[in-house]
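Participant: So here's query.txt (compact mmCIF, C-alpha atoms).
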# COMPACT_ATOMS: atom_id res chain seq x y z
CA MET A 27 83.76 81.76 105.79
CA LEU A 28 83.66 84.16 102.81
CA LEU A 29 81.63 86.72 104.79
CA LEU A 30 84.05 86.55 107.69
CA THR A 31 87.05 86.99 105.38
CA SER A 32 85.54 89.92 103.51
CA GLY A 33 84.62 91.55 106.83
CA ILE A 34 88.23 91.42 107.98
CA TYR A 35 89.45 93.26 104.88
CA ALA A 36 86.61 95.80 104.97
CA GLN A 37 88.08 97.76 107.87
CA GLU A 38 90.14 100.90 108.24
CA GLN A 39 93.89 100.47 108.03
CA VAL A 40 96.31 103.10 109.31
CA TYR A 41 99.81 103.28 107.84
CA ASN A 42 102.58 105.25 109.55
CA VAL A 43 104.89 106.44 106.78
CA GLN A 44 108.57 106.23 107.70
CA ARG A 45 110.02 107.64 104.46
CA TYR A 46 108.68 109.13 101.25
CA CYS A 47 110.23 109.59 97.82
CA ILE A 48 108.63 111.76 95.14
CA ASP A 49 109.72 111.18 91.54
CA GLU A 50 108.55 113.99 89.25
CA LYS A 51 108.03 113.77 85.50
CA PRO A 52 110.10 112.87 83.49
CA PHE A 53 110.26 109.75 85.66
CA LYS A 54 113.60 108.15 86.49
CA GLN A 55 113.30 104.72 88.08
CA GLY A 56 114.71 104.67 91.60
CA GLU A 57 115.40 108.42 91.80
CA CYS A 58 113.78 110.97 94.09
CA ASN A 59 113.32 114.64 93.29
CA ILE A 60 112.03 115.15 96.84
CA ALA A 61 112.54 112.79 99.79
CA GLY A 62 112.00 112.93 103.51
CA ASN A 63 110.67 111.33 106.63
CA GLU A 64 108.27 113.96 107.98
CA TYR A 65 105.20 112.94 109.95
CA SER A 66 102.94 111.24 107.36
CA PHE A 67 100.01 108.82 107.41
CA VAL A 68 97.77 106.94 105.00
CA PHE A 69 94.27 105.90 106.10
CA ILE A 70 92.52 103.31 103.93
CA ASP A 71 88.91 102.46 104.76
CA THR A 72 87.68 99.87 102.26
CA ASN A 73 84.27 99.73 103.94
CA LYS A 74 83.64 103.45 103.29
CA ARG A 75 85.78 103.31 100.10
CA ASP A 76 87.91 106.24 101.35
CA VAL A 77 91.64 106.93 101.25
CA VAL A 78 93.17 109.89 103.08
CA PHE A 79 96.87 110.62 102.66
CA PHE A 80 98.62 113.15 104.91
CA LEU A 81 102.03 114.08 103.50
CA THR A 82 103.65 116.74 105.71
CA ASP A 83 101.37 119.79 105.25
CA THR A 84 99.26 118.28 102.45
CA LYS A 85 96.03 116.32 102.85
CA MET A 86 94.76 114.32 99.86
CA LYS A 87 91.36 112.61 99.95
CA TYR A 88 90.21 110.00 97.44
CA LYS A 89 87.34 107.61 96.79
CA ILE A 90 88.19 104.01 95.87
CA VAL A 91 86.72 103.33 92.43
CA ASP A 92 88.20 99.86 91.85
CA SER A 93 90.67 97.40 93.36
CA SER A 94 92.42 94.24 92.22
CA ILE A 95 95.66 92.31 92.50
CA PHE A 96 98.29 94.15 90.41
CA SER A 97 98.85 92.03 87.31
CA LYS A 98 102.58 92.79 86.88
CA ASP A 99 103.50 92.04 90.50
CA ARG A 100 101.11 89.88 92.49
CA ASN A 101 102.69 91.13 95.75
CA TYR A 102 100.73 94.38 95.32
CA ARG A 103 97.04 95.23 95.53
CA SER A 104 96.18 97.96 93.06
CA TYR A 105 93.50 100.60 93.69
CA THR A 106 92.03 103.14 91.30
CA LEU A 107 91.33 106.31 93.29
CA GLU A 108 89.42 109.41 92.29
CA ASN A 109 88.94 112.95 93.58
CA GLY A 110 88.11 116.35 92.07
CA GLU A 111 91.50 116.48 90.34
CA GLY A 112 91.17 113.15 88.49
CA GLN A 113 92.21 109.53 88.93
CA VAL A 114 95.30 108.11 90.62
CA GLU A 115 96.59 104.57 90.95
CA MET A 116 97.60 103.41 94.42
CA ARG A 117 99.48 100.17 95.06
CA VAL A 118 99.83 98.58 98.50
CA HIS A 119 102.36 95.80 99.09
CA GLN A 120 100.73 92.68 100.51
CA GLN A 121 103.13 92.75 103.48
CA HIS A 122 102.14 96.39 104.16
CA THR A 123 105.71 97.68 103.86
CA LYS A 124 105.30 99.87 100.75
CA ILE A 125 102.61 102.10 99.26
CA GLU A 126 102.79 103.88 95.90
CA PHE A 127 100.64 106.76 94.62
CA LEU A 128 101.02 107.11 90.85
CA HIS A 129 99.82 110.58 89.78
CA PRO A 130 100.16 111.73 86.15
CA ASN A 131 102.97 114.21 87.01
CA ASN A 132 104.59 112.53 89.98
CA HIS A 133 104.97 109.16 91.64
CA ILE A 134 105.06 109.01 95.43
CA TYR A 135 106.77 105.97 96.96
CA LEU A 136 106.20 105.38 100.67
CA THR A 137 108.08 103.08 103.00
CA VAL A 138 105.94 102.00 105.92
CA GLY A 139 107.59 101.11 109.22
CA LYS A 140 106.77 98.38 111.71
CA SER A 141 104.38 100.69 113.53
CA THR A 142 101.85 100.15 110.71
CA LYS A 143 98.66 98.62 112.00
CA GLY A 144 95.33 97.56 110.65
CA THR A 145 92.28 98.12 112.85
CA ASN A 146 90.38 94.90 112.20
Kindly transcribe the structure held in the file into structure tokens.

Facilitator:
Amino acid sequence: MLLLTSGIYAQEQVYNVQRYCIDEKPFKQGECNIAGNEYSFVFIDTNKRDVVFFLTDTKMKYKIVDSSIFSKDRNYRSYTLENGEGQVEMRVHQQHTKIEFLHPNNHIYLTVGKSTKGTN
């Protein structure tokens, strides 16, 4: 049963972003310096340990270094991501409705619509 369960979660998931909010340093809870709903996607492949985030004209690629249940809010899975620019924390809501990318100089909050799907 454990092998079957881990196999289900080790697949690519595709998230269709409906709205994004970027909070730039100094951070102000609940405020957006930049917001929009342009064509955006997040691809998470836990099997390959890859995350690709397309935000309008920007493509960000990361490797998953670590993952766990977020200790402050158990409704989120927390991922430590890394690329050539450093490390980033990503949080994914367990109901797949919200994703957060926490960079040192900005926090990107994504709202994911009902078109989100996992390819299991």

Participant: For Asp49 of chain A, which residue out of A:Lys74, A:Phe127, A:Leu81, A:Thr137 is the nearest one, using all atoms listed in the file?

Facilitator: A:Phe127

Participant: Neighbouring residues of His133 of chain A were defined as those with any atom within 10 Å, considering all atoms listed in the file; residues of the same chain fewer than 3 positions away were excluded. Please report them as a list of chain:residue names.

Facilitator: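 Those residues are A:Cys47, A:Ile48, A:Asp49, A:Glu50, A:Lys51, A:Phe53, A:Cys58, A:Val114, A:Glu115, A:Met116, A:Glu126, A:Phe127, A:Leu128, A:His129, A:Pro130, A:Leu136.
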
Participant: Between A:Leu107, A:Val138, A:Val40, A:Val118, which is the closest to Ile70 of chain A once you count only C-alpha atoms?

Facilitator: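 Checking each candidate against Ile70 of chain A, we get A:Val40 as the closest.
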
Participant: When you count all atoms listed in the file, which of these residues is closest to Asp71 of chain A: A:Asn109, A:Asn131, A:Gln39, A:Gln120?

Facilitator: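 Selected residue with least distance to Asp71 of chain A: A:Gln39.
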
Participant: Can you tell me how far atom CA of Asn63 of chain A sits from atom CA of Tyr88 of chain A, in Å to one decimal?

Facilitator: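 Atom CA of Tyr88 of chain A lies 22.5 Å from atom CA of Asn63 of chain A.
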
Participant: Between atom CA of Arg103 of chain A and atom CA of His122 of chain A, what is the distance in Å, rounded to a tenth?

Facilitator: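 Separation of atom CA of Arg103 of chain A and atom CA of His122 of chain A: 10.1 Å.
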
Participant: My list of candidates is A:Thr123, A:Ala61, A:Phe80, A:Arg75. Which is closest to Tyr105 of chain A when distances are computed with all atoms listed in the file?

Facilitator: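 Of A:Thr123, A:Ala61, A:Phe80, A:Arg75, the one nearest Tyr105 of chain A is A:Arg75, counting all atoms listed in the file.
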